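Structure file target_1.cif (mmCIF, C-alpha atoms) follows.
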```cif
data_my_file
#
loop_
_atom_site.label_atom_id
_atom_site.label_comp_id
_atom_site.auth_asym_id
_atom_site.auth_seq_id
_atom_site.Cartn_x
_atom_site.Cartn_y
_atom_site.Cartn_z
CA MET Z 281 3.60 24.48 -10.76
CA ALA Z 282 7.38 24.71 -10.71
CA ALA Z 283 9.49 23.03 -8.09
CA GLY Z 284 10.60 25.43 -5.39
CA SER Z 285 7.46 27.59 -5.58
CA GLY Z 286 6.06 26.13 -2.37
CA GLY Z 287 3.25 23.96 -3.75
CA LEU Z 288 2.99 20.21 -4.21
CA LYS Z 289 0.26 19.86 -6.85
CA ASP Z 290 1.83 18.42 -10.03
CA ALA Z 291 5.21 19.89 -9.07
CA THR Z 292 6.93 16.50 -9.10
CA ALA Z 293 6.66 13.22 -10.94
CA LEU Z 294 7.49 9.55 -10.59
CA VAL Z 295 9.88 8.72 -13.41
CA GLY Z 296 11.41 5.36 -12.51
CA ILE Z 297 10.24 2.14 -10.87
CA GLY Z 298 12.14 -1.03 -10.03
CA ARG Z 299 11.74 -4.28 -8.15
CA THR Z 300 13.30 -7.63 -7.47
CA PRO Z 301 11.46 -10.92 -8.05
CA PHE Z 302 8.85 -11.80 -5.44
CA ALA Z 303 8.97 -15.15 -3.70
CA LYS Z 304 8.27 -16.95 -0.46
CA ARG Z 305 12.02 -17.26 -0.02
CA LEU Z 306 14.83 -15.37 -1.78
CA PRO Z 307 18.51 -16.13 -1.08
CA GLU Z 308 19.75 -12.51 -0.96
CA ASP Z 309 19.72 -10.41 2.20
CA GLU Z 310 17.52 -7.31 2.50
CA ARG Z 311 20.32 -4.87 1.71
CA THR Z 312 21.18 -6.63 -1.53
CA LEU Z 313 17.52 -6.72 -2.51
CA ALA Z 314 17.20 -3.01 -1.72
CA CYS Z 315 20.19 -2.12 -3.89
CA ARG Z 316 18.88 -4.15 -6.80
CA ALA Z 317 15.45 -2.52 -6.67
CA VAL Z 318 16.90 1.00 -6.36
CA LEU Z 319 19.37 0.54 -9.22
CA ALA Z 320 16.62 -0.91 -11.39
CA ALA Z 321 14.41 2.13 -10.70
CA LEU Z 322 17.22 4.54 -11.56
CA ASP Z 323 17.95 2.65 -14.76
CA ASP Z 324 14.25 2.78 -15.63
CA ALA Z 325 14.37 6.56 -15.21
CA GLY Z 326 17.66 6.97 -17.06
CA ILE Z 327 19.27 8.69 -14.06
CA ALA Z 328 22.77 7.90 -12.77
CA PRO Z 329 23.10 6.84 -9.11
CA GLY Z 330 25.49 9.74 -8.47
CA GLU Z 331 22.64 12.19 -9.05
CA VAL Z 332 20.53 10.88 -6.15
CA ASP Z 333 20.42 13.39 -3.29
CA ALA Z 334 17.29 12.35 -1.35
CA LEU Z 335 16.03 9.12 0.22
CA ALA Z 336 12.85 8.05 1.97
CA SER Z 337 11.79 4.73 3.43
CA TYR Z 338 10.03 3.18 6.43
CA THR Z 339 11.13 3.08 10.06
CA MET Z 340 10.81 -0.70 9.76
CA GLU Z 341 13.34 -0.77 6.90
CA GLU Z 342 16.45 -2.68 7.94
CA THR Z 343 18.71 -1.14 5.26
CA ASP Z 344 19.70 2.36 6.34
CA GLU Z 345 20.60 5.40 4.24
CA VAL Z 346 24.34 5.08 4.82
CA GLU Z 347 24.47 1.47 3.63
CA LEU Z 348 22.34 2.15 0.57
CA ALA Z 349 24.19 5.33 -0.42
CA LYS Z 350 27.59 3.64 -0.24
CA ALA Z 351 26.55 0.47 -2.01
CA CYS Z 352 24.71 2.23 -4.85
CA GLY Z 353 27.21 5.07 -5.33
CA PHE Z 354 25.01 8.05 -4.51
CA GLY Z 355 26.36 11.60 -4.29
CA ASP Z 356 25.89 13.97 -1.33
CA LEU Z 357 22.49 13.51 0.27
CA THR Z 358 20.62 16.69 1.21
CA PHE Z 359 17.36 15.08 2.40
CA PHE Z 360 16.46 11.75 4.00
CA SER Z 361 13.49 10.61 6.04
CA LYS Z 362 11.75 7.54 7.39
CA VAL Z 363 8.01 7.06 7.86
CA GLY Z 364 6.46 5.04 10.66
CA PHE Z 365 3.65 2.51 10.89
CA GLY Z 366 4.59 -0.14 8.38
CA GLY Z 367 2.06 -0.38 5.59
CA GLY Z 368 0.65 3.02 6.47
CA GLY Z 369 3.92 4.63 5.42
CA SER Z 370 4.13 3.50 1.79
CA CYS Z 371 2.62 6.52 0.03
CA ALA Z 372 4.17 8.90 2.55
CA THR Z 373 7.68 7.97 1.39
CA VAL Z 374 6.82 9.39 -2.04
CA ALA Z 375 5.05 12.37 -0.46
CA HIS Z 376 8.14 13.24 1.59
CA LEU Z 377 10.34 13.15 -1.50
CA ALA Z 378 7.84 15.18 -3.51
CA ALA Z 379 7.76 17.84 -0.80
CA ALA Z 380 11.56 17.94 -0.62
CA VAL Z 381 11.96 18.27 -4.39
CA ALA Z 382 9.16 20.83 -4.68
CA ALA Z 383 10.76 22.89 -1.90
CA GLY Z 384 14.18 22.79 -3.54
CA GLN Z 385 15.78 20.67 -0.83
CA ALA Z 386 16.71 17.94 -3.32
CA SER Z 387 16.55 17.15 -7.01
CA VAL Z 388 16.47 13.34 -7.36
CA GLY Z 389 14.70 11.30 -4.68
CA VAL Z 390 14.49 7.54 -4.23
CA ALA Z 391 11.96 5.75 -2.05
CA TRP Z 392 12.27 2.03 -1.38
CA ARG Z 393 11.19 -0.92 0.72
CA SER Z 394 13.08 -4.19 1.11
CA ARG Z 395 11.54 -6.99 3.09
CA LYS Z 396 12.12 -10.66 3.86
CA ARG Z 397 8.85 -11.47 5.52
CA GLY Z 398 8.21 -14.67 3.62
CA SER Z 399 11.36 -16.33 4.94
CA GLY Z 400 11.84 -14.17 8.03
CA PRO Z 401 10.20 -14.01 11.46
CA ARG Z 402 6.83 -12.41 12.24
CA PRO Z 403 7.22 -9.23 14.35
CA TRP Z 404 4.60 -10.26 16.89
CA THR Z 405 6.49 -13.48 17.74
CA SER Z 406 9.26 -11.54 19.50
CA THR Z 407 8.73 -11.59 23.24
CA THR Z 408 10.83 -8.42 23.58
CA VAL Z 409 8.22 -6.36 21.71
CA GLN Z 410 5.06 -8.12 22.81
CA LEU Z 411 3.75 -5.42 25.13
CA PRO Z 412 4.39 -1.86 24.07
CA THR Z 413 1.95 0.38 25.94
CA PRO Z 414 -1.01 0.22 23.49
CA ALA Z 415 -0.73 -3.57 23.20
CA GLN Z 416 -1.20 -3.96 26.95
CA TRP Z 417 -4.89 -3.27 26.29
CA THR Z 418 -5.26 -5.80 23.46
CA ARG Z 419 -2.83 -8.71 23.52
CA PRO Z 420 -3.78 -10.10 26.96
CA TYR Z 421 -7.30 -10.50 25.54
CA GLY Z 422 -6.29 -12.51 22.47
CA LEU Z 423 -5.60 -9.83 19.86
CA LEU Z 424 -2.08 -11.07 19.20
CA ARG Z 425 -1.69 -10.46 15.45
CA PRO Z 426 -2.87 -7.80 13.02
CA ALA Z 427 -5.30 -10.40 11.66
CA ASP Z 428 -6.95 -10.67 15.08
CA GLU Z 429 -7.36 -6.92 15.40
CA ILE Z 430 -8.80 -6.51 11.92
CA ALA Z 431 -11.07 -9.51 12.49
CA MET Z 432 -12.69 -7.69 15.38
CA LEU Z 433 -13.26 -4.55 13.28
CA THR Z 434 -14.64 -6.73 10.49
CA ARG Z 435 -17.12 -8.40 12.80
CA ARG Z 436 -18.27 -4.97 13.97
CA TYR Z 437 -18.60 -3.79 10.35
CA MET Z 438 -20.61 -6.87 9.35
CA HIS Z 439 -22.90 -6.41 12.33
CA GLU Z 440 -23.45 -2.69 11.74
CA TYR Z 441 -23.96 -2.74 7.98
CA GLY Z 442 -24.86 -6.26 6.92
CA ALA Z 443 -21.70 -6.91 4.92
CA THR Z 444 -21.12 -10.59 4.18
CA ARG Z 445 -18.28 -12.94 3.36
CA ASP Z 446 -19.40 -12.74 -0.26
CA HIS Z 447 -18.40 -9.07 -0.22
CA LEU Z 448 -14.98 -9.97 1.14
CA PHE Z 449 -14.69 -12.67 -1.51
CA ASN Z 450 -15.37 -10.06 -4.20
CA VAL Z 451 -12.24 -8.20 -3.07
CA ALA Z 452 -10.10 -11.33 -2.90
CA LEU Z 453 -11.33 -12.48 -6.31
CA ALA Z 454 -10.65 -9.16 -8.04
CA CYS Z 455 -7.08 -9.14 -6.75
CA ARG Z 456 -6.53 -12.79 -7.69
CA ASN Z 457 -7.99 -12.29 -11.17
CA ARG Z 458 -5.54 -9.45 -11.82
CA ALA Z 459 -2.64 -11.51 -10.42
CA ASN Z 460 -3.59 -14.26 -12.88
CA GLN Z 461 -2.77 -11.73 -15.63
CA ASN Z 462 0.56 -10.71 -14.07
CA PRO Z 463 3.45 -13.16 -14.65
CA ASP Z 464 5.43 -11.49 -11.82
CA ALA Z 465 2.71 -12.15 -9.23
CA ILE Z 466 3.19 -14.95 -6.73
CA MET Z 467 -0.37 -16.14 -7.44
CA TYR Z 468 -0.06 -15.83 -11.23
CA ASP Z 469 -0.89 -19.46 -11.95
CA ARG Z 470 -3.31 -20.06 -9.07
CA PRO Z 471 -6.94 -19.07 -9.81
CA LEU Z 472 -9.40 -18.57 -6.95
CA THR Z 473 -12.99 -19.83 -6.84
CA ARG Z 474 -15.83 -19.08 -4.46
CA GLU Z 475 -15.78 -22.67 -3.21
CA MET Z 476 -12.07 -22.44 -2.45
CA TYR Z 477 -12.67 -19.22 -0.55
CA MET Z 478 -15.67 -20.39 1.45
CA THR Z 479 -14.10 -23.70 2.50
CA SER Z 480 -10.63 -22.39 3.35
CA ARG Z 481 -9.37 -22.45 6.93
CA TRP Z 482 -9.94 -19.61 9.34
CA ILE Z 483 -7.01 -17.36 10.20
CA SER Z 484 -9.01 -15.22 12.64
CA GLU Z 485 -12.75 -15.56 12.22
CA PRO Z 486 -14.43 -14.05 10.18
CA LEU Z 487 -11.19 -13.74 8.16
CA CYS Z 488 -10.22 -16.86 6.24
CA LEU Z 489 -6.97 -17.74 4.48
CA PHE Z 490 -7.80 -15.72 1.36
CA ASP Z 491 -8.71 -12.59 3.33
CA ASN Z 492 -5.07 -12.28 4.39
CA CYS Z 493 -2.14 -10.89 2.41
CA LEU Z 494 0.84 -12.91 1.28
CA GLU Z 495 4.09 -13.06 3.23
CA THR Z 496 6.76 -12.17 0.73
CA ASP Z 497 10.48 -11.66 0.17
CA GLY Z 498 11.25 -8.83 -2.23
CA ALA Z 499 12.10 -5.16 -2.69
CA LEU Z 500 10.74 -2.23 -4.69
CA ALA Z 501 11.81 1.36 -5.37
CA CYS Z 502 10.74 4.46 -7.27
CA VAL Z 503 12.34 7.74 -8.35
CA VAL Z 504 10.89 11.23 -7.84
CA VAL Z 505 12.08 14.38 -9.67
CA SER Z 506 10.67 17.78 -10.52
CA ALA Z 507 8.00 18.04 -13.21
CA GLU Z 508 10.47 19.97 -15.34
CA ARG Z 509 13.18 17.32 -15.03
CA ALA Z 510 10.63 14.57 -15.66
CA ARG Z 511 10.08 15.68 -19.24
CA ASP Z 512 13.64 14.57 -20.07
CA CYS Z 513 13.39 11.10 -18.53
CA ARG Z 514 12.80 7.84 -20.37
CA HIS Z 515 9.10 7.37 -19.71
CA ARG Z 516 5.94 9.43 -19.64
CA PRO Z 517 5.91 11.31 -16.30
CA VAL Z 518 3.40 10.26 -13.66
CA TYR Z 519 2.66 13.41 -11.67
CA VAL Z 520 2.10 13.54 -7.91
CA HIS Z 521 -1.09 15.57 -8.04
CA SER Z 522 -1.96 15.35 -4.33
CA ALA Z 523 -0.65 13.56 -1.25
CA ALA Z 524 -1.78 13.09 2.34
CA GLN Z 525 -0.84 11.55 5.66
CA SER Z 526 -3.24 10.96 8.53
CA LEU Z 527 -3.07 10.20 12.22
CA PRO Z 528 -6.66 10.87 13.35
CA ALA Z 529 -7.58 12.09 16.81
CA GLN Z 530 -7.65 9.46 19.55
CA HIS Z 531 -6.41 6.77 17.18
CA HIS Z 532 -5.36 3.40 18.62
CA GLY Z 533 -3.66 0.96 16.32
CA MET Z 534 -5.96 -1.18 14.24
CA VAL Z 535 -8.72 -1.47 16.80
CA ASN Z 536 -9.62 2.25 17.17
CA TYR Z 537 -10.79 1.63 20.72
CA TRP Z 538 -10.99 5.28 21.71
CA ASN Z 539 -12.39 6.76 18.52
CA ASP Z 540 -15.99 7.92 18.64
CA ASP Z 541 -16.60 5.59 15.69
CA PRO Z 542 -14.14 2.67 15.28
CA LEU Z 543 -15.24 2.23 11.66
CA THR Z 544 -14.22 5.76 10.70
CA GLY Z 545 -10.51 5.10 10.45
CA PRO Z 546 -7.44 6.95 9.19
CA ALA Z 547 -8.63 6.79 5.56
CA TRP Z 548 -11.33 9.33 6.29
CA ALA Z 549 -8.90 11.91 7.64
CA ALA Z 550 -6.39 11.27 4.86
CA ALA Z 551 -9.10 11.59 2.22
CA ARG Z 552 -10.24 14.99 3.47
CA HIS Z 553 -6.73 16.35 3.05
CA LEU Z 554 -6.12 14.56 -0.25
CA TRP Z 555 -9.21 15.91 -1.98
CA LYS Z 556 -8.89 19.36 -0.41
CA HIS Z 557 -5.56 19.85 -2.18
CA SER Z 558 -6.68 18.32 -5.47
CA ASP Z 559 -8.41 19.54 -8.61
CA LEU Z 560 -10.00 16.10 -8.87
CA THR Z 561 -12.77 14.13 -7.14
CA PRO Z 562 -13.40 10.40 -6.57
CA GLU Z 563 -15.48 10.41 -9.77
CA ASP Z 564 -12.32 11.27 -11.73
CA VAL Z 565 -10.39 8.19 -10.55
CA ASP Z 566 -9.99 5.64 -13.35
CA VAL Z 567 -8.20 2.93 -11.37
CA ALA Z 568 -7.32 2.42 -7.70
CA GLN Z 569 -4.54 0.62 -5.87
CA ILE Z 570 -6.09 0.24 -2.40
CA TYR Z 571 -4.06 -1.25 0.42
CA ASP Z 572 -5.21 -4.82 0.92
CA ALA Z 573 -3.35 -6.48 3.75
CA PHE Z 574 -6.84 -7.78 4.61
CA THR Z 575 -9.94 -7.76 2.40
CA PRO Z 576 -12.14 -5.72 4.78
CA LEU Z 577 -9.66 -2.82 4.67
CA VAL Z 578 -10.74 -2.28 1.07
CA LEU Z 579 -14.38 -1.86 2.12
CA LEU Z 580 -13.40 0.68 4.76
CA SER Z 581 -11.19 2.54 2.27
CA LEU Z 582 -13.86 2.65 -0.43
CA GLU Z 583 -16.02 4.54 2.05
CA GLY Z 584 -13.24 6.68 3.50
CA TYR Z 585 -12.00 7.94 0.13
CA GLY Z 586 -15.51 8.77 -1.03
CA PHE Z 587 -16.37 6.11 -3.60
CA CYS Z 588 -19.52 5.19 -1.69
CA GLY Z 589 -21.40 6.15 1.48
CA ARG Z 590 -21.07 4.91 5.05
CA GLY Z 591 -21.82 1.22 5.28
CA GLU Z 592 -21.99 0.83 1.50
CA GLY Z 593 -18.51 -0.64 0.96
CA GLY Z 594 -19.77 -4.20 0.79
CA ALA Z 595 -22.54 -3.45 -1.68
CA PHE Z 596 -20.12 -1.43 -3.81
CA THR Z 597 -18.14 -4.59 -4.58
CA GLU Z 598 -21.12 -6.35 -6.17
CA GLY Z 599 -21.64 -6.90 -9.88
CA GLY Z 600 -17.94 -6.99 -10.74
CA ALA Z 601 -17.39 -3.38 -9.69
CA LEU Z 602 -13.74 -4.03 -8.77
CA GLU Z 603 -12.92 -5.98 -11.91
CA THR Z 604 -11.49 -4.60 -15.15
CA GLY Z 605 -14.36 -2.75 -16.82
CA GLY Z 606 -16.16 -2.26 -13.51
CA LEU Z 607 -16.94 0.89 -11.56
CA LEU Z 608 -13.47 0.99 -9.97
CA PRO Z 609 -10.84 -1.46 -11.27
CA LEU Z 610 -8.80 -2.46 -8.23
CA ASN Z 611 -5.23 -3.56 -7.50
CA THR Z 612 -4.48 -4.36 -11.09
CA GLY Z 613 -1.16 -6.10 -10.39
CA GLY Z 614 -2.78 -8.40 -7.82
CA GLY Z 615 -2.16 -6.28 -4.71
CA GLY Z 616 -0.91 -7.52 -1.37
CA LEU Z 617 -3.40 -10.35 -1.48
CA SER Z 618 -2.16 -11.97 -4.68
CA GLU Z 619 0.89 -10.22 -6.21
CA ALA Z 620 3.17 -9.69 -3.21
CA TYR Z 621 3.04 -8.05 0.20
CA VAL Z 622 5.89 -5.61 0.62
CA HIS Z 623 4.16 -3.10 2.89
CA GLY Z 624 2.14 -1.70 0.01
CA PHE Z 625 5.00 -0.46 -2.16
CA ASN Z 626 3.97 -2.64 -5.10
CA LEU Z 627 0.72 -0.63 -5.24
CA ILE Z 628 2.73 2.53 -5.95
CA ASN Z 629 4.66 0.91 -8.78
CA GLU Z 630 1.50 -0.56 -10.27
CA GLY Z 631 -0.10 2.89 -10.20
CA VAL Z 632 2.82 4.15 -12.26
CA ARG Z 633 2.46 1.29 -14.73
CA GLN Z 634 -1.25 2.01 -15.18
CA LEU Z 635 -0.62 5.66 -16.00
CA ARG Z 636 2.21 4.72 -18.35
CA GLY Z 637 -0.12 2.28 -20.07
CA THR Z 638 2.10 -0.73 -19.36
CA SER Z 639 0.12 -2.71 -16.77
CA THR Z 640 -0.56 -6.40 -17.38
CA ALA Z 641 -4.22 -5.56 -16.65
CA GLN Z 642 -4.30 -2.16 -18.30
CA VAL Z 643 -7.38 0.02 -17.81
CA PRO Z 644 -7.96 1.68 -21.21
CA GLY Z 645 -7.27 5.41 -21.13
CA ALA Z 646 -6.42 5.50 -17.42
CA SER Z 647 -5.17 8.98 -16.49
CA VAL Z 648 -5.91 9.22 -12.74
CA CYS Z 649 -4.96 6.63 -10.12
CA LEU Z 650 -5.52 6.63 -6.37
CA VAL Z 651 -2.93 4.76 -4.31
CA THR Z 652 -3.55 4.21 -0.60
CA ALA Z 653 -1.49 2.94 2.30
CA GLY Z 654 -2.64 0.84 5.26
CA GLU Z 655 -6.11 1.52 6.60
CA GLY Z 656 -6.46 0.86 10.34
CA VAL Z 657 -3.07 2.41 11.10
CA PRO Z 658 -1.71 5.94 10.63
CA THR Z 659 -1.85 6.14 6.88
CA SER Z 660 -1.01 8.01 3.69
CA ALA Z 661 -2.29 8.31 0.12
CA LEU Z 662 -1.29 9.57 -3.32
CA LEU Z 663 -3.36 10.85 -6.18
CA LEU Z 664 -1.38 10.29 -9.36
CA ARG Z 665 -2.16 11.57 -12.85
CA SER Z 666 -0.57 11.26 -16.26
#
```

The structure in this file should be written as structure tokens.
Amino acid sequence: MAAGSGGLKDATALVGIGRTPFAKRLPEDERTLACRAVLAALDDAGIAPGEVDALASYTMEETDEVELAKACGFGDLTFFSKVGFGGGGSCATVAHLAAAVAAGQASVGVAWRSRKRGSGPRPWTSTTVQLPTPAQWTRPYGLLRPADEIAMLTRRYMHEYGATRDHLFNVALACRNRANQNPDAIMYDRPLTREMYMTSRWISEPLCLFDNCLETDGALACVVVSAERARDCRHRPVYVHSAAQSLPAQHHGMVNYWNDDPLTGPAWAAARHLWKHSDLTPEDVDVAQIYDAFTPLVLLSLEGYGFCGRGEGGAFTEGGALETGGLLPLNTGGGGLSEAYVHGFNLINEGVRQLRGTSTAQVPGASVCLVTAGEGVPTSALLLRS
């Protein structure tokens, strides 16, 4: 489908990806890191900065469009947007650019995320933002951090469906095993064992240290152009086949207090839209990059996106299903748990690498990749194909 014809399916492609190193502490500020990632992505695509006319990032991004455009030498911008809800916004940044390019509002779009969370402060430690209206119903009762909120959902899930810590370990292990193949991952040289997992300290019971994502400094970016333009870029195009955002009815942060079923989160609503506008099904997905700020989010997402039935997410992880060669190879760069946590953007770039055939944990013949954003918050997803 040609750009400008009003449809999104395969009308655009990801043609460039870039990143900085990942570390617990990097010396550069966030703006410098953002510029480096963006310029690396443009160089990867073979596109000059002056051709960029569209930008998309997160509302939590500290580097704004004006700063980035001046520092990188962009031309006139005709489209720019920001997506809310932290990790839930990752895939939506690409979706916004794809829609703009497909509609003829822009020709070269760049999405990015720059973050100094490893060396910077935690958002929930600021007393000035402690009690926005929804948090008045959670934080006075001990749900101070995202880990606390997800821990409560996890306990409910384990009670309802019999999931165990071994199932959560399967997720953590798959991500760590892939990171051990990725020299750019923070956990590249640090294998994980079941004993290490089971004896690690609690962060918020039943979530232990290895159920929680890394806190990372770093930046990533990607470039979106029309399918027609993509054929002239440096690498094999990775097409945006379908995209979705979701804010389900009566949603409330990570705890879903007012939903009829707290365990049917934003992934379910996003998945309905994603598959509705796709020629593909979950059975066609060769590899998945599923948002993993916490291990139980993967179980909820496996169910929401249709890889297994309600309550079957834990059992799905058994028998090496998430490992290379398994039913659904997962987070092949290491994910947020073991590569880096930059609000999920590294999952997008790893999806591109898989479909280019250049991943450090390459799935043979991979041609379809699902990438998801944060489950438990208003979310987004991409279905990519080569």

| message | If I take CA of Glu345 (chain Z) and CA of Arg393 (chain Z), how far is one from the other in Å, to one decimal? | response |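 Distance reported for this atom pair: 11.9 Å.
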
Enumerate, as a PDB file with C-alpha atoms, in the frame of the given file, the residues matched when the PyMOL selection byres ((chain Z and resi 573) around 9) is run on the file above.
```pdb
ATOM      1  CA  GLY Z 367       2.060  -0.380   5.590  1.00  0.00           C
ATOM      2  CA  ASP Z 491      -8.710 -12.590   3.330  1.00  0.00           C
ATOM      3  CA  ASN Z 492      -5.070 -12.280   4.390  1.00  0.00           C
ATOM      4  CA  CYS Z 493      -2.140 -10.890   2.410  1.00  0.00           C
ATOM      5  CA  LEU Z 494       0.840 -12.910   1.280  1.00  0.00           C
ATOM      6  CA  TYR Z 571      -4.060  -1.250   0.420  1.00  0.00           C
ATOM      7  CA  ASP Z 572      -5.210  -4.820   0.920  1.00  0.00           C
ATOM      8  CA  PHE Z 574      -6.840  -7.780   4.610  1.00  0.00           C
ATOM      9  CA  THR Z 575      -9.940  -7.760   2.400  1.00  0.00           C
ATOM     10  CA  PRO Z 576     -12.140  -5.720   4.780  1.00  0.00           C
ATOM     11  CA  LEU Z 577      -9.660  -2.820   4.670  1.00  0.00           C
ATOM     12  CA  VAL Z 578     -10.740  -2.280   1.070  1.00  0.00           C
ATOM     13  CA  GLY Z 615      -2.160  -6.280  -4.710  1.00  0.00           C
ATOM     14  CA  GLY Z 616      -0.910  -7.520  -1.370  1.00  0.00           C
ATOM     15  CA  LEU Z 617      -3.400 -10.350  -1.480  1.00  0.00           C
ATOM     16  CA  TYR Z 621       3.040  -8.050   0.200  1.00  0.00           C
ATOM     17  CA  HIS Z 623       4.160  -3.100   2.890  1.00  0.00           C
ATOM     18  CA  GLY Z 624       2.140  -1.700   0.010  1.00  0.00           C
ATOM     19  CA  GLY Z 654      -2.640   0.840   5.260  1.00  0.00           C
ATOM     20  CA  GLU Z 655      -6.110   1.520   6.600  1.00  0.00           C
TER      21      GLU Z 655
END
```

| query | Quick one: which residues end up in the PyMOL selection byres ((chain Z and resi 443) around 12) for this structure, as a list of chain:residue names? | reply |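 So the PyMOL selection byres ((chain Z and resi 443) around 12) ends up selecting Z:Thr434, Z:Arg435, Z:Arg436, Z:Tyr437, Z:Met438, Z:His439, Z:Glu440, Z:Tyr441, Z:Gly442, Z:Thr444, Z:Arg445, Z:Asp446, Z:His447, Z:Leu448, Z:Phe449, Z:Asn450, Z:Pro486, Z:Pro576, Z:Leu579, Z:Leu580, Z:Arg590, Z:Gly591, Z:Glu592, Z:Gly593, Z:Gly594, Z:Ala595, Z:Phe596, Z:Thr597, Z:Glu598.
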
| request: Can you pull out every residue within 12 Å of Arg552 (chain Z), counting all atoms listed in the file, but drop anything in the same chain fewer than 2 positions away, and send it as number ranges by chain? | output: Z: 522-526, 528, 546-550, 554-558, 561-562, 584-586, 660-661

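Of the listed residues (Z:Ile628, Z:Ala620, Z:Leu489, Z:Ala375), Z:Ala620 comes nearest to Thr300 (chain Z); the distances count all atoms listed in the file.
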
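Computed from the coordinates, the CA of Asn457 (chain Z) to CA of Cys649 (chain Z) distance equals 19.2 Å.
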
| query | Can you tell me, as a ChimeraX atom specification, what residues are no more than 8 Å from region 632-648 of chain Z when counting all atoms listed in the file, ignoring any on the same chain fewer than 5 positions away? | reply | /Z:294,297,458,461-462,515-518,564-567,604-605,609,612-613,663-666

| request: Might you spell out which residues the PyMOL selection byres ((chain Z and resi 343) around 10) would select in the displayed file, as a ChimeraX atom specification? | output: /Z:309-315,337-342,344-348,392-395

| message | When you look at Ala291 (chain Z) with a cut-off of 12 Å (counting all atoms listed in the file), what residues show up, excluding the ones that are within fewer than 4 positions of it in the same chain? I need them as a PyMOL selection string. | response | chain Z and resi 281-287+375+377-384+387+504-510+517-523+664-665

| Looking at Z:Ala454, Z:Leu319, Z:Leu560, Z:Ala336, which one is nearest to Glu619 (chain Z), with distances taken over all atoms listed in the file? |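 Among the listed residues, Z:Ala454 lies closest to Glu619 (chain Z).
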
Fewer than 4 positions away in the same chain doesn't count, so skip those; otherwise give me all residues within 10 Å of Pro471 (chain Z), counting only C-alpha atoms, as a short mmCIF file (atom, residue, chain, number, x, y, z; two decimals) with C-alpha atoms, in the frame of the given file.
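Wrote around_31.cif, looks like this:
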```
data_model
loop_
_atom_site.label_atom_id
_atom_site.label_comp_id
_atom_site.auth_asym_id
_atom_site.auth_seq_id
_atom_site.Cartn_x
_atom_site.Cartn_y
_atom_site.Cartn_z
CA LEU Z 453 -11.33 -12.48 -6.31
CA ARG Z 456 -6.53 -12.79 -7.69
CA ASN Z 457 -7.99 -12.29 -11.17
CA ARG Z 458 -5.54 -9.45 -11.82
CA ALA Z 459 -2.64 -11.51 -10.42
CA ASN Z 460 -3.59 -14.26 -12.88
CA MET Z 467 -0.37 -16.14 -7.44
CA MET Z 476 -12.07 -22.44 -2.45
CA SER Z 618 -2.16 -11.97 -4.68
#
```

| How many Å separate CA of Val651 (chain Z) from CA of Val318 (chain Z)? |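 One can read the CA of Val651 (chain Z) to CA of Val318 (chain Z) distance as 20.3 Å.
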
Within 12 Å of region 535-539 of chain Z, which residues of region 624-662 of chain Z come that close, and what is the closest atom pair and distance in Å for each? Count only C-alpha atoms and give it as JSON lines.
```
{"residue": "Z:Glu655", "atom": "CA", "partner": "Z:Val535", "partner_atom": "CA", "distance": 10.9}
{"residue": "Z:Gly656", "atom": "CA", "partner": "Z:Val535", "partner_atom": "CA", "distance": 7.2}
{"residue": "Z:Val657", "atom": "CA", "partner": "Z:Val535", "partner_atom": "CA", "distance": 8.9}
{"residue": "Z:Pro658", "atom": "CA", "partner": "Z:Asn536", "partner_atom": "CA", "distance": 10.9}
```

| field | Shell of 9 Å around Arg316 (chain Z), all atoms listed in the file, local chain residues under 6 positions omitted, as JSON, numbers by chain | value | {"Z": [298, 299, 300, 352, 499, 500]}

Can you give me N, CA and C atoms for region 502-509 of chain Z, written as a tab-separated table (two decimals), in the coordinates of the input?
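result-v4.tsv, written as the output of this step:
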```
chain	number	residue	atom	x	y	z
Z	502	CYS	N	11.20	3.52	-6.24
Z	502	CYS	CA	10.74	4.46	-7.27
Z	502	CYS	C	11.56	5.74	-7.17
Z	503	VAL	N	11.53	6.53	-8.23
Z	503	VAL	CA	12.34	7.74	-8.35
Z	503	VAL	C	11.42	8.94	-8.54
Z	504	VAL	N	11.68	10.01	-7.78
Z	504	VAL	CA	10.89	11.23	-7.84
Z	504	VAL	C	11.79	12.39	-8.24
Z	505	VAL	N	11.36	13.17	-9.25
Z	505	VAL	CA	12.08	14.38	-9.67
Z	505	VAL	C	11.06	15.49	-9.91
Z	506	SER	N	11.56	16.67	-10.21
Z	506	SER	CA	10.67	17.78	-10.52
Z	506	SER	C	9.92	17.52	-11.82
Z	507	ALA	N	8.77	18.17	-11.98
Z	507	ALA	CA	8.00	18.04	-13.21
Z	507	ALA	C	8.82	18.47	-14.42
Z	508	GLU	N	9.63	19.49	-14.24
Z	508	GLU	CA	10.47	19.97	-15.34
Z	508	GLU	C	11.49	18.92	-15.74
Z	509	ARG	N	12.17	18.35	-14.75
Z	509	ARG	CA	13.18	17.32	-15.03
Z	509	ARG	C	12.52	16.07	-15.64
```
